[in-house]
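*Asks:* So that we are looking at the same thing, I have put the structure below in structure tokens.
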Amino acid sequence: MHFGPSSTRVLITVFALVGMIAAAQPTAAQKVEISVEPSKAGVKIDRNIFGQFAEHLGHGIYDGIWVGPDSAIPNTRGIRNDVVAALRAIEVPNVRWPGGCFADEYHWRKGIGPQRAVTLNPNWGGVIEPNTFGTNEFMDFLDQIGAEAYVSVNVGSGTPQEAAEWLEYLTAGQPTTLAKERAADGHPAPYKVDFLGIGNESWDCGGNMTPDYYLSQLKIYSHFVRNFNPTQQDKQQMLKIAVGPGGDDPRWVDWTQTIMKAYQRHTWSWDINGLSMHSYTVGKWPPSYASVGFGETEYAQILKYTLEMEGLIDKYSAIMNQYDPEKKVALVVDEWGAWYAPLPGTNPGFLVQQNSLRDAILAALNLNLFARHADRVRMANIAQMINALQSMVMTDKEKMVLTPTYYVYKMYVPFHDATFVPVTFDAGTYTHGDVTLPRVDAIAAKDTAGKLWLAVTNVDPNRAAEIEVSFTGAGAKSASGDTLTAPKVDSVNTFDAPHTVVPKPVTASVQGGKLTMKLEPKSVTVISIE
Ligand code: AHR
């Protein structure tokens, strides 16, 4: 049986008894048999599912990326070198910018040229927005980290003309007035813009629009906001992403149906390539789960909430299948991640939270889900890259620390554009209080060079898991990789102790082509198999 949505539920029932027995022996390692079928390698796991989201929010941009050229913090044209090096190492495929809710109040002209307008950021603490990090700084940042641009244009308080002119400024190769202005701003060559977000949460902070109202805006923006880059006309065309659902509520079913039904009948004059979906792991609203200093109960509850992602993907994929059976439109999960209570003493509008081992496990479970739905989920952007929500990196003046989530992204680099390989296993169960979860999760893939990789997460914080992996076709000769765990479910990396949650090398035993390995409790392991 292939591990999938329905099998998960069956396995939870079948193995509930096993889980109860095991609960009586908290430290006993249990054997999990995993069967890998490299000959059935199928869909590509788009590297864009490892995308990032960087909004003008708190210290995400200012301090996190931008310190300015005169800063004592080592930087290149104002962009901090330590953060760039860290992000290069996880091969960030794309960055969504400038928001979020911020995008629908962003006016790009205020962020170009020698004189920047000083404005406010009403969504996020009402602080000053100096606009010193604008279009050219963002594109420079992308160039430094080697990522592609996902630009969200302002539909809520902007105009199609403003957005169209922004894209002309960015992409025109011919000497138009806007292209010359870009050249005068330091970049004669047209930029590439790979993804265009048409609004953000237009059913809420993006303008509280009805589905029909948004649809008419979508058609206008899709037609008039053109990419003129000569290299993006036939190949590598800019993909246009429409606002989609934000959760389970029936209003988002209606929204998704309205957009997808219109897409099915769309004419030459408008098109979309992606439908956005936002889903945070919050638990309760307003966010009140602590990001550090919690116990096993909160660990189990948050992981239960995060697995609701699968139901959402299934639900909205089913609607998309109805109107787009060829899966031309990607489901783009362009805001996801854990959203906890703000850290005490921080500005609540800055969404500052710690990042623990729980978040690493949460990230791995979601990345596995995206990979298993790679035929439809071809892009995802975790929120948010630096200093806000479930970040990769945290900074404090000249200091920088890499989070447990960062290390999962690092370990998963081989899965970028890899080919999904089916795995079959009995997940078993982990039970704590009234929460029962699949105990183990696994995905496999062949990387772009043909090497086989396996990622296994042991959700159980108390019991190790003994895995025995068999392969169809040629067996394994050797296997090694990294495992990420820590003493406690809420272990974190801090500026003073940055190495509490870091990957450590592991080697599997191989006999008769089968691989065996002990997975630490509450761990994420990624191994390559020769
Ligand atoms: O990521 C924080 C906010 O969450 C974004 O600005 C918005 O799109 C979402 O509601």
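Just remember, in the structure tokens the first chain shown is A, the second B, etc., residues are 1-based per chain, and ligands are 1-based in the order shown.
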If we count only C-alpha atoms, what is near Asp212 in chain A at a cut-off of 10 Å, once residues fewer than 2 positions away on the same chain are taken out, given as a VMD selection string?

*Replies:* chain A and resid 209 to 210 214 to 218 255 258 to 259 262

*Asks:* When DSSP is applied to the backbone of this structure, which of range 253-481 of chain A are assigned helix (DSSP H, G or I)? Write them out as a PyMOL selection string.

*Replies:* chain A and resi 253-264+296-306+308-323+348-350+357-372+404-411+413-415

*Asks:* Please give me, as a ChimeraX atom specification, the residues lying within 10 Å of ligand 1 when counting only C-alpha atoms and all ligand atoms.

*Replies:* /A:53-57,98-104,123-124,199-202,204-206,246,278-280,334-337,339,349-351,382-384,388-390

*Asks:* Name all residues at most 8 Å from Arg47 in chain A (count only C-alpha atoms; drop same-chain ones fewer than 6 positions away) and give them as a PyMOL selection string.

*Replies:* chain A and resi 93+378-379+415-418

*Asks:* Counting only C-alpha atoms, what is within 10 Å of Gly186 in chain A, bar same-chain residues fewer than 6 positions away, as an mmCIF file with N, CA and C atoms, in the first residue's frame?

*Replies:*
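Written output follows (part03.cif):
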```cif
data_model
loop_
_atom_site.group_PDB
_atom_site.id
_atom_site.type_symbol
_atom_site.label_atom_id
_atom_site.label_comp_id
_atom_site.auth_asym_id
_atom_site.auth_seq_id
_atom_site.Cartn_x
_atom_site.Cartn_y
_atom_site.Cartn_z
ATOM 1 N N GLY A 113 15.238 54.799 -7.117
ATOM 2 C CA GLY A 113 15.892 56.097 -7.319
ATOM 3 C C GLY A 113 16.608 56.609 -6.078
ATOM 4 N N ASN A 136 15.298 47.428 -6.878
ATOM 5 C CA ASN A 136 16.673 47.075 -7.299
ATOM 6 C C ASN A 136 17.434 46.358 -6.192
ATOM 7 N N LYS A 180 14.887 53.022 -19.369
ATOM 8 C CA LYS A 180 16.004 53.964 -19.196
ATOM 9 C C LYS A 180 16.101 54.412 -17.733
#
```

*Asks:* Enumerate, in order of chain and increasing residue number, the residues of range 106-165 of chain A with an atom no farther than 9 Å from range 226-244 of chain A, each with its shortest atom pair and distance in Å to one decimal, counting only C-alpha atoms, as a tab-separated table.

*Replies:*
```
residue	atom	partner	partner_atom	distance
A:Ser152	CA	A:Ile241	CA	8.9
A:Ala164	CA	A:Arg226	CA	6.3
A:Glu165	CA	A:Arg226	CA	8.9
```

*Asks:* Would you output that residue set with all heavy atoms, as a short mmCIF file (atom, residue, chain, number, x, y, z; two decimals), in the first residue's frame?

*Replies:*
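Saved the output as out-v6.cif:
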```cif
data_model
loop_
_atom_site.label_atom_id
_atom_site.label_comp_id
_atom_site.auth_asym_id
_atom_site.auth_seq_id
_atom_site.Cartn_x
_atom_site.Cartn_y
_atom_site.Cartn_z
N SER A 152 4.81 40.06 -5.93
CA SER A 152 3.37 40.19 -5.71
C SER A 152 2.95 41.62 -5.97
O SER A 152 3.44 42.53 -5.30
CB SER A 152 3.03 39.86 -4.25
OG SER A 152 2.92 38.49 -4.09
N ALA A 164 1.50 47.34 -14.20
CA ALA A 164 2.04 47.15 -15.56
C ALA A 164 3.34 47.94 -15.72
O ALA A 164 4.32 47.46 -16.31
CB ALA A 164 1.01 47.59 -16.60
N GLU A 165 3.36 49.15 -15.18
CA GLU A 165 4.57 49.97 -15.30
C GLU A 165 5.71 49.39 -14.46
O GLU A 165 6.88 49.50 -14.83
CB GLU A 165 4.26 51.41 -14.88
CG GLU A 165 3.41 52.10 -15.93
CD GLU A 165 3.00 53.52 -15.58
OE1 GLU A 165 3.31 53.99 -14.46
OE2 GLU A 165 2.35 54.14 -16.42
#
```

*Asks:* Going by DSSP on the backbone, which bits of range 89-209 of chain A are strand (DSSP E)? Write them as a ChimeraX atom specification, please.

*Replies:* /A:94-97,119-121,127-129,148-153,195-198

*Asks:* Skipping near chain neighbours, those fewer than 3 positions away, what residues fall within 8 Å of range 456-467 of chain A using only C-alpha atoms, listed as a VMD selection string?

*Replies:* chain A and resid 26 to 34 296 361 364 to 365 430 438 to 443 489 515 to 526

*Asks:* With a distance cut-off of 6 Å and only C-alpha atoms, select the neighbouring residues of Ser35 in chain A, excluding the residue or stretch itself and same-chain residues fewer than 6 positions from it, and output the selection as a ChimeraX atom specification.

*Replies:* /A:423-424,469-471
